[in-house]
$ cat upload13.txt   # compact mmCIF, N, CA and C atoms
# COMPACT_ATOMS: atom_id res chain seq x y z
N MET A 1 0.83 -1.18 0.00
CA MET A 1 0.00 0.00 0.00
C MET A 1 0.88 1.25 0.00
N ALA A 2 1.76 1.32 -0.93
CA ALA A 2 2.74 2.37 -0.92
C ALA A 2 2.26 3.67 -1.56
N ASP A 3 1.18 3.63 -2.31
CA ASP A 3 0.80 4.82 -3.05
C ASP A 3 -0.20 5.70 -2.33
N GLY A 4 -0.60 5.33 -1.12
CA GLY A 4 -1.46 6.18 -0.33
C GLY A 4 -2.94 6.08 -0.66
N ASN A 5 -3.34 5.29 -1.63
CA ASN A 5 -4.77 5.21 -1.93
C ASN A 5 -5.39 3.92 -1.42
N SER A 6 -4.71 3.21 -0.54
CA SER A 6 -5.24 2.05 0.16
C SER A 6 -5.50 0.83 -0.70
N VAL A 7 -4.98 0.79 -1.91
CA VAL A 7 -5.12 -0.41 -2.74
C VAL A 7 -3.98 -1.35 -2.38
N PRO A 8 -4.29 -2.55 -1.88
CA PRO A 8 -3.22 -3.51 -1.56
C PRO A 8 -2.40 -3.82 -2.81
N GLU A 9 -1.08 -3.93 -2.62
CA GLU A 9 -0.18 -4.20 -3.73
C GLU A 9 0.71 -5.40 -3.44
N LYS A 10 1.06 -6.06 -4.53
CA LYS A 10 2.03 -7.15 -4.50
C LYS A 10 3.09 -6.82 -5.55
N VAL A 11 4.34 -7.09 -5.22
CA VAL A 11 5.42 -7.00 -6.19
C VAL A 11 5.71 -8.43 -6.63
N ALA A 12 5.67 -8.69 -7.94
CA ALA A 12 5.76 -10.06 -8.44
C ALA A 12 6.87 -10.22 -9.46
N TRP A 13 7.38 -11.44 -9.55
CA TRP A 13 8.46 -11.81 -10.46
C TRP A 13 7.89 -12.59 -11.63
N VAL A 14 8.22 -12.17 -12.84
CA VAL A 14 7.81 -12.86 -14.05
C VAL A 14 9.06 -13.52 -14.63
N LEU A 15 9.10 -14.84 -14.55
CA LEU A 15 10.21 -15.61 -15.10
C LEU A 15 9.65 -16.58 -16.12
N VAL A 16 10.03 -16.38 -17.38
CA VAL A 16 9.54 -17.23 -18.47
C VAL A 16 10.71 -18.02 -19.03
N ARG A 17 10.49 -19.32 -19.17
CA ARG A 17 11.47 -20.21 -19.79
C ARG A 17 10.74 -21.17 -20.72
N ASN A 18 11.24 -21.27 -21.92
CA ASN A 18 10.69 -22.22 -22.89
C ASN A 18 9.17 -22.11 -23.03
N GLY A 19 8.67 -20.88 -23.06
CA GLY A 19 7.24 -20.66 -23.26
C GLY A 19 6.38 -20.99 -22.06
N ARG A 20 6.98 -21.05 -20.88
CA ARG A 20 6.23 -21.32 -19.65
C ARG A 20 6.67 -20.33 -18.59
N VAL A 21 5.74 -19.97 -17.71
CA VAL A 21 6.03 -18.99 -16.66
C VAL A 21 6.04 -19.68 -15.30
N LEU A 22 6.96 -19.26 -14.45
CA LEU A 22 7.08 -19.82 -13.10
C LEU A 22 5.94 -19.32 -12.22
N VAL A 23 5.29 -20.25 -11.54
CA VAL A 23 4.25 -19.93 -10.57
C VAL A 23 4.49 -20.76 -9.31
N THR A 24 3.89 -20.31 -8.23
CA THR A 24 4.01 -21.03 -6.96
C THR A 24 2.63 -21.19 -6.33
N ARG A 25 2.53 -22.19 -5.47
CA ARG A 25 1.29 -22.41 -4.72
C ARG A 25 1.65 -22.48 -3.25
N SER A 26 0.95 -21.69 -2.45
CA SER A 26 1.18 -21.68 -1.01
C SER A 26 0.46 -22.85 -0.35
N HIS A 27 0.97 -23.29 0.78
CA HIS A 27 0.30 -24.32 1.56
C HIS A 27 -1.14 -23.89 1.85
N GLY A 28 -2.07 -24.80 1.71
CA GLY A 28 -3.47 -24.52 2.01
C GLY A 28 -4.23 -23.79 0.92
N ARG A 29 -3.61 -23.53 -0.21
CA ARG A 29 -4.29 -22.83 -1.31
C ARG A 29 -4.38 -23.75 -2.52
N ASP A 30 -5.39 -23.51 -3.34
CA ASP A 30 -5.56 -24.27 -4.58
C ASP A 30 -4.98 -23.54 -5.78
N ARG A 31 -5.05 -22.23 -5.78
CA ARG A 31 -4.59 -21.42 -6.91
C ARG A 31 -3.08 -21.21 -6.85
N PHE A 32 -2.52 -20.99 -8.03
CA PHE A 32 -1.10 -20.66 -8.16
C PHE A 32 -0.97 -19.16 -8.40
N TYR A 33 0.21 -18.64 -8.06
CA TYR A 33 0.47 -17.20 -8.15
C TYR A 33 1.89 -16.98 -8.67
N LEU A 34 2.11 -15.83 -9.30
CA LEU A 34 3.47 -15.44 -9.62
C LEU A 34 4.21 -15.23 -8.30
N PRO A 35 5.48 -15.61 -8.21
CA PRO A 35 6.22 -15.43 -6.96
C PRO A 35 6.32 -13.94 -6.60
N GLY A 36 6.33 -13.66 -5.32
CA GLY A 36 6.45 -12.29 -4.84
C GLY A 36 5.59 -12.09 -3.63
N GLY A 37 5.40 -10.84 -3.26
CA GLY A 37 4.59 -10.57 -2.08
C GLY A 37 4.47 -9.09 -1.79
N HIS A 38 3.95 -8.82 -0.61
CA HIS A 38 3.68 -7.45 -0.17
C HIS A 38 4.93 -6.80 0.41
N ARG A 39 5.00 -5.49 0.27
CA ARG A 39 6.12 -4.71 0.82
C ARG A 39 6.06 -4.67 2.34
N GLU A 40 7.24 -4.69 2.94
CA GLU A 40 7.39 -4.35 4.35
C GLU A 40 7.46 -2.82 4.41
N PRO A 41 7.13 -2.21 5.54
CA PRO A 41 7.18 -0.75 5.63
C PRO A 41 8.54 -0.20 5.19
N GLY A 42 8.50 0.78 4.29
CA GLY A 42 9.70 1.44 3.82
C GLY A 42 10.45 0.74 2.70
N GLU A 43 10.00 -0.43 2.30
CA GLU A 43 10.70 -1.17 1.24
C GLU A 43 10.38 -0.61 -0.14
N SER A 44 11.38 -0.67 -1.02
CA SER A 44 11.18 -0.36 -2.44
C SER A 44 10.69 -1.63 -3.14
N ASP A 45 10.29 -1.49 -4.40
CA ASP A 45 9.92 -2.66 -5.19
C ASP A 45 11.10 -3.63 -5.27
N GLU A 46 12.29 -3.09 -5.50
CA GLU A 46 13.49 -3.94 -5.64
C GLU A 46 13.75 -4.73 -4.35
N GLU A 47 13.69 -4.04 -3.23
CA GLU A 47 13.94 -4.70 -1.93
C GLU A 47 12.88 -5.77 -1.66
N THR A 48 11.64 -5.46 -2.00
CA THR A 48 10.56 -6.42 -1.78
C THR A 48 10.76 -7.68 -2.61
N LEU A 49 11.06 -7.49 -3.90
CA LEU A 49 11.22 -8.65 -4.77
C LEU A 49 12.41 -9.50 -4.36
N VAL A 50 13.52 -8.88 -4.02
CA VAL A 50 14.70 -9.62 -3.56
C VAL A 50 14.35 -10.44 -2.33
N ARG A 51 13.71 -9.82 -1.35
CA ARG A 51 13.37 -10.51 -0.10
C ARG A 51 12.37 -11.64 -0.34
N GLU A 52 11.31 -11.35 -1.08
CA GLU A 52 10.26 -12.35 -1.28
C GLU A 52 10.75 -13.57 -2.06
N VAL A 53 11.52 -13.35 -3.11
CA VAL A 53 12.01 -14.49 -3.89
C VAL A 53 12.99 -15.32 -3.07
N ASP A 54 13.79 -14.66 -2.25
CA ASP A 54 14.69 -15.40 -1.35
C ASP A 54 13.87 -16.23 -0.36
N GLU A 55 12.85 -15.61 0.24
CA GLU A 55 12.02 -16.33 1.22
C GLU A 55 11.24 -17.48 0.59
N GLU A 56 10.70 -17.27 -0.60
CA GLU A 56 9.82 -18.26 -1.21
C GLU A 56 10.55 -19.34 -2.00
N LEU A 57 11.66 -18.96 -2.66
CA LEU A 57 12.31 -19.88 -3.59
C LEU A 57 13.81 -20.04 -3.38
N ARG A 58 14.34 -19.43 -2.32
CA ARG A 58 15.77 -19.53 -2.00
C ARG A 58 16.67 -19.16 -3.17
N ALA A 59 16.25 -18.16 -3.94
CA ALA A 59 17.04 -17.68 -5.07
C ALA A 59 17.33 -16.20 -4.87
N ALA A 60 18.42 -15.74 -5.46
CA ALA A 60 18.85 -14.35 -5.31
C ALA A 60 18.55 -13.56 -6.59
N ILE A 61 17.64 -12.61 -6.49
CA ILE A 61 17.33 -11.72 -7.61
C ILE A 61 18.46 -10.71 -7.76
N ASP A 62 18.84 -10.41 -9.00
CA ASP A 62 19.81 -9.36 -9.29
C ASP A 62 19.01 -8.06 -9.47
N PRO A 63 19.00 -7.18 -8.46
CA PRO A 63 18.17 -5.98 -8.55
C PRO A 63 18.52 -5.09 -9.75
N GLY A 64 19.78 -5.10 -10.17
CA GLY A 64 20.19 -4.30 -11.31
C GLY A 64 19.61 -4.77 -12.63
N SER A 65 19.11 -5.99 -12.65
CA SER A 65 18.54 -6.54 -13.89
C SER A 65 17.02 -6.40 -13.95
N MET A 66 16.42 -5.85 -12.89
CA MET A 66 14.96 -5.75 -12.85
C MET A 66 14.43 -4.80 -13.92
N VAL A 67 13.42 -5.28 -14.65
CA VAL A 67 12.74 -4.48 -15.67
C VAL A 67 11.24 -4.58 -15.42
N HIS A 68 10.59 -3.43 -15.34
CA HIS A 68 9.13 -3.42 -15.12
C HIS A 68 8.45 -4.09 -16.30
N PHE A 69 7.66 -5.11 -16.02
CA PHE A 69 6.94 -5.82 -17.08
C PHE A 69 5.53 -5.24 -17.25
N GLY A 70 4.90 -4.90 -16.14
CA GLY A 70 3.54 -4.37 -16.20
C GLY A 70 2.94 -4.26 -14.82
N THR A 71 1.91 -3.44 -14.71
CA THR A 71 1.15 -3.31 -13.48
C THR A 71 -0.28 -3.69 -13.81
N PHE A 72 -0.83 -4.59 -13.04
CA PHE A 72 -2.16 -5.15 -13.30
C PHE A 72 -3.03 -4.91 -12.08
N GLU A 73 -4.26 -4.50 -12.32
CA GLU A 73 -5.13 -4.14 -11.20
C GLU A 73 -6.54 -4.64 -11.43
N ILE A 74 -7.13 -5.15 -10.37
CA ILE A 74 -8.55 -5.47 -10.39
C ILE A 74 -9.24 -4.49 -9.44
N GLY A 75 -10.42 -4.09 -9.82
CA GLY A 75 -11.10 -3.05 -9.08
C GLY A 75 -11.98 -3.56 -7.96
N GLU A 76 -12.49 -2.62 -7.23
CA GLU A 76 -13.42 -2.88 -6.14
C GLU A 76 -14.62 -3.64 -6.68
N GLY A 77 -15.10 -4.60 -5.93
CA GLY A 77 -16.28 -5.33 -6.33
C GLY A 77 -16.02 -6.51 -7.24
N HIS A 78 -14.76 -6.79 -7.56
CA HIS A 78 -14.45 -7.96 -8.38
C HIS A 78 -14.90 -9.20 -7.61
N PRO A 79 -15.52 -10.18 -8.28
CA PRO A 79 -16.05 -11.34 -7.55
C PRO A 79 -15.01 -12.18 -6.81
N ASP A 80 -13.76 -12.20 -7.29
CA ASP A 80 -12.74 -13.01 -6.64
C ASP A 80 -11.95 -12.24 -5.60
N HIS A 81 -11.59 -11.02 -5.91
CA HIS A 81 -10.65 -10.30 -5.05
C HIS A 81 -10.54 -8.88 -5.58
N GLY A 82 -10.73 -7.92 -4.75
CA GLY A 82 -10.54 -6.56 -5.21
C GLY A 82 -10.75 -5.57 -4.10
N PRO A 83 -10.24 -4.39 -4.21
CA PRO A 83 -9.27 -3.99 -5.22
C PRO A 83 -7.89 -4.58 -4.90
N PHE A 84 -7.08 -4.72 -5.94
CA PHE A 84 -5.74 -5.29 -5.76
C PHE A 84 -4.88 -4.90 -6.95
N ARG A 85 -3.61 -4.59 -6.68
CA ARG A 85 -2.66 -4.20 -7.73
C ARG A 85 -1.43 -5.10 -7.64
N MET A 86 -0.96 -5.57 -8.80
CA MET A 86 0.25 -6.38 -8.85
C MET A 86 1.23 -5.71 -9.81
N ILE A 87 2.42 -5.40 -9.27
CA ILE A 87 3.47 -4.74 -10.03
C ILE A 87 4.49 -5.81 -10.38
N CYS A 88 4.65 -6.07 -11.67
CA CYS A 88 5.47 -7.20 -12.13
C CYS A 88 6.79 -6.76 -12.74
N TYR A 89 7.82 -7.54 -12.43
CA TYR A 89 9.16 -7.30 -12.96
C TYR A 89 9.74 -8.60 -13.49
N THR A 90 10.55 -8.48 -14.55
CA THR A 90 11.43 -9.56 -14.94
C THR A 90 12.76 -9.27 -14.26
N ALA A 91 13.56 -10.30 -14.05
CA ALA A 91 14.87 -10.12 -13.42
C ALA A 91 15.67 -11.40 -13.53
N ALA A 92 16.99 -11.23 -13.60
CA ALA A 92 17.89 -12.38 -13.55
C ALA A 92 18.02 -12.84 -12.10
N HIS A 93 18.41 -14.10 -11.94
CA HIS A 93 18.58 -14.62 -10.58
C HIS A 93 19.76 -15.59 -10.54
N ARG A 94 20.19 -15.85 -9.32
CA ARG A 94 21.20 -16.88 -9.05
C ARG A 94 20.59 -17.88 -8.09
N GLY A 95 20.99 -19.12 -8.24
CA GLY A 95 20.54 -20.17 -7.33
C GLY A 95 19.41 -20.99 -7.90
N GLU A 96 19.27 -22.17 -7.29
CA GLU A 96 18.16 -23.06 -7.66
C GLU A 96 16.85 -22.45 -7.19
N LEU A 97 15.77 -22.83 -7.81
CA LEU A 97 14.44 -22.37 -7.43
C LEU A 97 13.82 -23.46 -6.55
N THR A 98 14.05 -23.36 -5.25
CA THR A 98 13.63 -24.37 -4.30
C THR A 98 12.53 -23.83 -3.40
N PRO A 99 11.31 -24.39 -3.48
CA PRO A 99 10.23 -23.90 -2.62
C PRO A 99 10.62 -23.94 -1.14
N SER A 100 10.24 -22.89 -0.43
CA SER A 100 10.62 -22.72 0.96
C SER A 100 9.50 -22.00 1.70
N ARG A 101 9.54 -22.07 3.02
CA ARG A 101 8.58 -21.38 3.88
C ARG A 101 7.14 -21.76 3.53
N GLU A 102 6.35 -20.76 3.10
CA GLU A 102 4.93 -21.01 2.86
C GLU A 102 4.64 -21.64 1.51
N ILE A 103 5.65 -21.87 0.69
CA ILE A 103 5.43 -22.38 -0.66
C ILE A 103 5.39 -23.91 -0.66
N ALA A 104 4.26 -24.45 -1.08
CA ALA A 104 4.09 -25.90 -1.14
C ALA A 104 4.72 -26.48 -2.40
N GLU A 105 4.62 -25.74 -3.52
CA GLU A 105 5.18 -26.24 -4.77
C GLU A 105 5.37 -25.11 -5.77
N LYS A 106 6.28 -25.35 -6.71
CA LYS A 106 6.45 -24.47 -7.86
C LYS A 106 6.03 -25.26 -9.09
N ALA A 107 5.68 -24.52 -10.14
CA ALA A 107 5.29 -25.16 -11.40
C ALA A 107 5.61 -24.20 -12.54
N TRP A 108 5.64 -24.74 -13.73
CA TRP A 108 5.84 -23.95 -14.94
C TRP A 108 4.57 -24.06 -15.76
N PHE A 109 3.84 -22.96 -15.92
CA PHE A 109 2.54 -22.97 -16.59
C PHE A 109 2.64 -22.34 -17.98
N GLY A 110 1.88 -22.93 -18.89
CA GLY A 110 1.64 -22.34 -20.19
C GLY A 110 0.34 -21.56 -20.14
N TYR A 111 0.01 -20.92 -21.25
CA TYR A 111 -1.22 -20.12 -21.30
C TYR A 111 -2.46 -20.97 -21.05
N ALA A 112 -2.42 -22.23 -21.43
CA ALA A 112 -3.57 -23.12 -21.22
C ALA A 112 -3.88 -23.33 -19.74
N ASP A 113 -2.91 -23.03 -18.87
CA ASP A 113 -3.10 -23.19 -17.43
C ASP A 113 -3.64 -21.92 -16.77
N ARG A 114 -3.98 -20.94 -17.54
CA ARG A 114 -4.42 -19.63 -17.05
C ARG A 114 -5.54 -19.74 -16.01
N ASN A 115 -6.43 -20.70 -16.16
CA ASN A 115 -7.56 -20.84 -15.24
C ASN A 115 -7.14 -21.35 -13.86
N ARG A 116 -5.87 -21.67 -13.67
CA ARG A 116 -5.40 -22.20 -12.38
C ARG A 116 -4.72 -21.13 -11.52
N VAL A 117 -4.72 -19.87 -12.02
CA VAL A 117 -4.10 -18.78 -11.28
C VAL A 117 -5.15 -17.76 -10.85
N SER A 118 -4.74 -16.81 -10.02
CA SER A 118 -5.66 -15.78 -9.52
C SER A 118 -6.08 -14.84 -10.65
N ALA A 119 -7.11 -14.05 -10.38
CA ALA A 119 -7.66 -13.12 -11.38
C ALA A 119 -6.61 -12.11 -11.85
N VAL A 120 -5.83 -11.56 -10.94
CA VAL A 120 -4.83 -10.57 -11.35
C VAL A 120 -3.67 -11.25 -12.09
N ASP A 121 -3.33 -12.47 -11.71
CA ASP A 121 -2.29 -13.22 -12.43
C ASP A 121 -2.76 -13.55 -13.85
N GLU A 122 -4.07 -13.77 -14.03
CA GLU A 122 -4.60 -14.01 -15.38
C GLU A 122 -4.27 -12.84 -16.30
N MET A 123 -4.29 -11.62 -15.76
CA MET A 123 -3.96 -10.44 -16.57
C MET A 123 -2.51 -10.48 -17.03
N ALA A 124 -1.61 -10.90 -16.15
CA ALA A 124 -0.20 -11.03 -16.52
C ALA A 124 -0.04 -12.12 -17.57
N PHE A 125 -0.76 -13.24 -17.42
CA PHE A 125 -0.72 -14.31 -18.41
C PHE A 125 -1.18 -13.78 -19.77
N ASP A 126 -2.26 -12.97 -19.77
CA ASP A 126 -2.76 -12.40 -21.03
C ASP A 126 -1.72 -11.50 -21.68
N ALA A 127 -1.02 -10.70 -20.88
CA ALA A 127 0.00 -9.80 -21.42
C ALA A 127 1.16 -10.62 -22.01
N LEU A 128 1.59 -11.67 -21.31
CA LEU A 128 2.65 -12.53 -21.84
C LEU A 128 2.22 -13.21 -23.13
N HIS A 129 0.97 -13.66 -23.16
CA HIS A 129 0.43 -14.30 -24.36
C HIS A 129 0.39 -13.34 -25.53
N ALA A 130 -0.03 -12.09 -25.29
CA ALA A 130 -0.11 -11.08 -26.35
C ALA A 130 1.27 -10.77 -26.94
N LEU A 131 2.31 -10.95 -26.13
CA LEU A 131 3.69 -10.73 -26.59
C LEU A 131 4.33 -11.99 -27.16
N ASP A 132 3.56 -13.06 -27.30
CA ASP A 132 4.02 -14.36 -27.79
C ASP A 132 5.11 -14.97 -26.89
N ARG A 133 5.13 -14.59 -25.62
CA ARG A 133 6.08 -15.17 -24.69
C ARG A 133 5.47 -16.36 -23.95
N LEU A 134 4.14 -16.47 -24.00
CA LEU A 134 3.43 -17.56 -23.35
C LEU A 134 2.41 -18.11 -24.33
N PRO A 135 2.87 -19.04 -25.19
CA PRO A 135 1.96 -19.55 -26.23
C PRO A 135 0.82 -20.38 -25.66
$ encode --input "upload13.txt" --output "structure tokens"
Amino acid sequence: MADGNSVPEKVAWVLVRNGRVLVTRSHGRDRFYLPGGHREPGESDEETLVREVDEELRAAIDPGSMVHFGTFEIGEGHPDHGPFRMICYTAAHRGELTPSREIAEKAWFGYADRNRVSAVDEMAFDALHALDRLP
């Protein structure tokens, strides 16, 4: 909630390999999500993404390689979840992608798996698909 208008925000990592995007599923949840999470007080997007990916996947994001991919938002009254904003970045990383802490599993999804992610993640899937990065 860094922008002062009370819309909850998540900073998320978009990692695409071989036409598939990395997603994670938390313990106790059915849906998959792009890795990332909410800011701690005073954190920048870069600091948030570095911390969250380390916590969730034990990998080190290179903050200097971060490129804004897109910001996706669902509005108030959305049947699944709203309002909510997800700020997405691509970035290089070091280390294996090993689920940790609250992450039950990781997976690599194609566009056909779009119905298995959250509503805001569907928007990121659509953007990747429109760019032919997620066939």
$ select_by_dssp --input "upload13.txt" --residues "chain A" --states "strand (DSSP E)" --output "MDAnalysis selection string"
chainID A and resid 9:13 16:17 20:26 36:37 60:61 67:74 84:90 93:94 103:109
$ residues_around --input "upload13.txt" --residues "region 44-52 of chain A" --least-positions-apart "4" --cutoff "6 Å" --atoms "only N, CA and C atoms" --output "NGL selection string"
:A and (11 or 36-37 or 39 or 56-57 or 61 or 63)
$ atom_distance --input "upload13.txt" --atom1 "CA of Leu131 (chain A)" --atom2 "CA of Glu105 (chain A)"
26.8 Å
$ atom_distance --input "upload13.txt" --atom1 "atom C of Arg20 (chain A)" --atom2 "atom C of Glu76 (chain A)"
29.6 Å
$ select_by_dssp --input "upload13.txt" --residues "region 95-128 of chain A" --states "helix (DSSP H, G or I)" --output "VMD selection string"
chain A and resid 111 to 116 119 to 128
$ closest_residue --input "upload13.txt" --among "A:Asp113, A:Glu73, A:Glu40, A:Asp62" --to "Ile87 (chain A)" --atoms "all atoms listed in the file"
A:Glu73
$ atom_distance --input "upload13.txt" --atom1 "atom N of Val120 (chain A)" --atom2 "atom N of Trp13 (chain A)"
13.3 Å
$ closest_residue --input "upload13.txt" --among "A:Ala127, A:Val23, A:Val7, A:Val14" --to "Ala107 (chain A)" --atoms "all atoms listed in the file"
A:Val23
$ closest_residue --input "upload13.txt" --among "A:Arg101, A:Val53, A:Gly82, A:Lys10" --to "His27 (chain A)" --atoms "only N, CA and C atoms"
A:Arg101
$ closest_residue --input "upload13.txt" --among "A:Ala124, A:Asp54, A:Arg116, A:Ala130" --to "Asp30 (chain A)" --atoms "all atoms listed in the file"
A:Arg116
$ closest_residue --input "upload13.txt" --among "A:Gly95, A:Thr71, A:Glu55, A:Ser65" --to "Met123 (chain A)" --atoms "only N, CA and C atoms"
A:Thr71
$ residues_around --input "upload13.txt" --residues "Phe69 (chain A)" --least-positions-apart "5" --cutoff "6 Å" --atoms "all atoms listed in the file" --output "mmCIF file with N, CA and C atoms, in the frame of the given file"
data_model
loop_
_atom_site.group_PDB
_atom_site.id
_atom_site.type_symbol
_atom_site.label_atom_id
_atom_site.label_comp_id
_atom_site.auth_asym_id
_atom_site.auth_seq_id
_atom_site.Cartn_x
_atom_site.Cartn_y
_atom_site.Cartn_z
ATOM 1 N N CYS A 88 4.650 -6.070 -11.670
ATOM 2 C CA CYS A 88 5.470 -7.200 -12.130
ATOM 3 C C CYS A 88 6.790 -6.760 -12.740
ATOM 4 N N TYR A 89 7.820 -7.540 -12.430
ATOM 5 C CA TYR A 89 9.160 -7.300 -12.960
ATOM 6 C C TYR A 89 9.740 -8.600 -13.490
ATOM 7 N N THR A 90 10.550 -8.480 -14.550
ATOM 8 C CA THR A 90 11.430 -9.560 -14.940
ATOM 9 C C THR A 90 12.760 -9.270 -14.260
#
$ residues_near_point --input "upload13.txt" --point "(6.8, -22.5, -15.6)" --cutoff "8 Å" --atoms "all atoms listed in the file" --output "PyMOL selection string"
chain A and resi 15-23+106-110
$ axis_aligned_box --input "upload13.txt" --around "region 111-125 of chain A" --padding-each-side "6 Å" --output "AutoDock Vina command-line options"
--center_x -3.8 --center_y -16.9 --center_z -15.5 --size_x 19.7 --size_y 24.9 --size_z 23.9
$ closest_residue --input "upload13.txt" --among "A:Arg25, A:Arg31, A:Arg58, A:Arg85" --to "Glu9 (chain A)" --atoms "all atoms listed in the file"
A:Arg85
$ build_atoms --input "upload13.txt" --residues "region 23-36 of chain A" --atoms "N, CA, C and O atoms" --output "PDB file, in the coordinates of the input"
ATOM      1  N   VAL A  23       5.290 -20.250 -11.540  1.00  0.00           N
ATOM      2  CA  VAL A  23       4.250 -19.930 -10.570  1.00  0.00           C
ATOM      3  C   VAL A  23       4.490 -20.760  -9.310  1.00  0.00           C
ATOM      4  O   VAL A  23       5.210 -21.768  -9.350  1.00  0.00           O
ATOM      5  N   THR A  24       3.890 -20.310  -8.230  1.00  0.00           N
ATOM      6  CA  THR A  24       4.010 -21.030  -6.960  1.00  0.00           C
ATOM      7  C   THR A  24       2.630 -21.190  -6.330  1.00  0.00           C
ATOM      8  O   THR A  24       1.716 -20.411  -6.606  1.00  0.00           O
ATOM      9  N   ARG A  25       2.530 -22.190  -5.470  1.00  0.00           N
ATOM     10  CA  ARG A  25       1.290 -22.410  -4.720  1.00  0.00           C
ATOM     11  C   ARG A  25       1.650 -22.480  -3.250  1.00  0.00           C
ATOM     12  O   ARG A  25       2.543 -23.222  -2.843  1.00  0.00           O
ATOM     13  N   SER A  26       0.950 -21.690  -2.450  1.00  0.00           N
ATOM     14  CA  SER A  26       1.180 -21.680  -1.010  1.00  0.00           C
ATOM     15  C   SER A  26       0.460 -22.850  -0.350  1.00  0.00           C
ATOM     16  O   SER A  26      -0.561 -23.327  -0.865  1.00  0.00           O
ATOM     17  N   HIS A  27       0.970 -23.290   0.780  1.00  0.00           N
ATOM     18  CA  HIS A  27       0.300 -24.320   1.560  1.00  0.00           C
ATOM     19  C   HIS A  27      -1.140 -23.890   1.850  1.00  0.00           C
ATOM     20  O   HIS A  27      -1.396 -22.727   2.163  1.00  0.00           O
ATOM     21  N   GLY A  28      -2.070 -24.800   1.710  1.00  0.00           N
ATOM     22  CA  GLY A  28      -3.470 -24.520   2.010  1.00  0.00           C
ATOM     23  C   GLY A  28      -4.230 -23.790   0.920  1.00  0.00           C
ATOM     24  O   GLY A  28      -5.395 -23.444   1.114  1.00  0.00           O
ATOM     25  N   ARG A  29      -3.610 -23.530  -0.210  1.00  0.00           N
ATOM     26  CA  ARG A  29      -4.290 -22.830  -1.310  1.00  0.00           C
ATOM     27  C   ARG A  29      -4.380 -23.750  -2.520  1.00  0.00           C
ATOM     28  O   ARG A  29      -3.537 -24.613  -2.715  1.00  0.00           O
ATOM     29  N   ASP A  30      -5.390 -23.510  -3.340  1.00  0.00           N
ATOM     30  CA  ASP A  30      -5.560 -24.270  -4.580  1.00  0.00           C
ATOM     31  C   ASP A  30      -4.980 -23.540  -5.780  1.00  0.00           C
ATOM     32  O   ASP A  30      -4.486 -24.167  -6.705  1.00  0.00           O
ATOM     33  N   ARG A  31      -5.050 -22.230  -5.780  1.00  0.00           N
ATOM     34  CA  ARG A  31      -4.590 -21.420  -6.910  1.00  0.00           C
ATOM     35  C   ARG A  31      -3.080 -21.210  -6.850  1.00  0.00           C
ATOM     36  O   ARG A  31      -2.471 -21.218  -5.800  1.00  0.00           O
ATOM     37  N   PHE A  32      -2.520 -20.990  -8.030  1.00  0.00           N
ATOM     38  CA  PHE A  32      -1.100 -20.660  -8.160  1.00  0.00           C
ATOM     39  C   PHE A  32      -0.970 -19.160  -8.400  1.00  0.00           C
ATOM     40  O   PHE A  32      -1.891 -18.511  -8.889  1.00  0.00           O
ATOM     41  N   TYR A  33       0.210 -18.640  -8.060  1.00  0.00           N
ATOM     42  CA  TYR A  33       0.470 -17.200  -8.150  1.00  0.00           C
ATOM     43  C   TYR A  33       1.890 -16.980  -8.670  1.00  0.00           C
ATOM     44  O   TYR A  33       2.777 -17.803  -8.444  1.00  0.00           O
ATOM     45  N   LEU A  34       2.110 -15.830  -9.300  1.00  0.00           N
ATOM     46  CA  LEU A  34       3.470 -15.440  -9.620  1.00  0.00           C
ATOM     47  C   LEU A  34       4.210 -15.230  -8.300  1.00  0.00           C
ATOM     48  O   LEU A  34       3.636 -14.707  -7.343  1.00  0.00           O
ATOM     49  N   PRO A  35       5.480 -15.610  -8.210  1.00  0.00           N
ATOM     50  CA  PRO A  35       6.220 -15.430  -6.960  1.00  0.00           C
ATOM     51  C   PRO A  35       6.320 -13.940  -6.600  1.00  0.00           C
ATOM     52  O   PRO A  35       6.413 -13.087  -7.480  1.00  0.00           O
ATOM     53  N   GLY A  36       6.330 -13.660  -5.320  1.00  0.00           N
ATOM     54  CA  GLY A  36       6.450 -12.290  -4.840  1.00  0.00           C
ATOM     55  C   GLY A  36       5.590 -12.090  -3.630  1.00  0.00           C
ATOM     56  O   GLY A  36       5.108 -13.038  -3.020  1.00  0.00           O
TER      57      GLY A  36
END
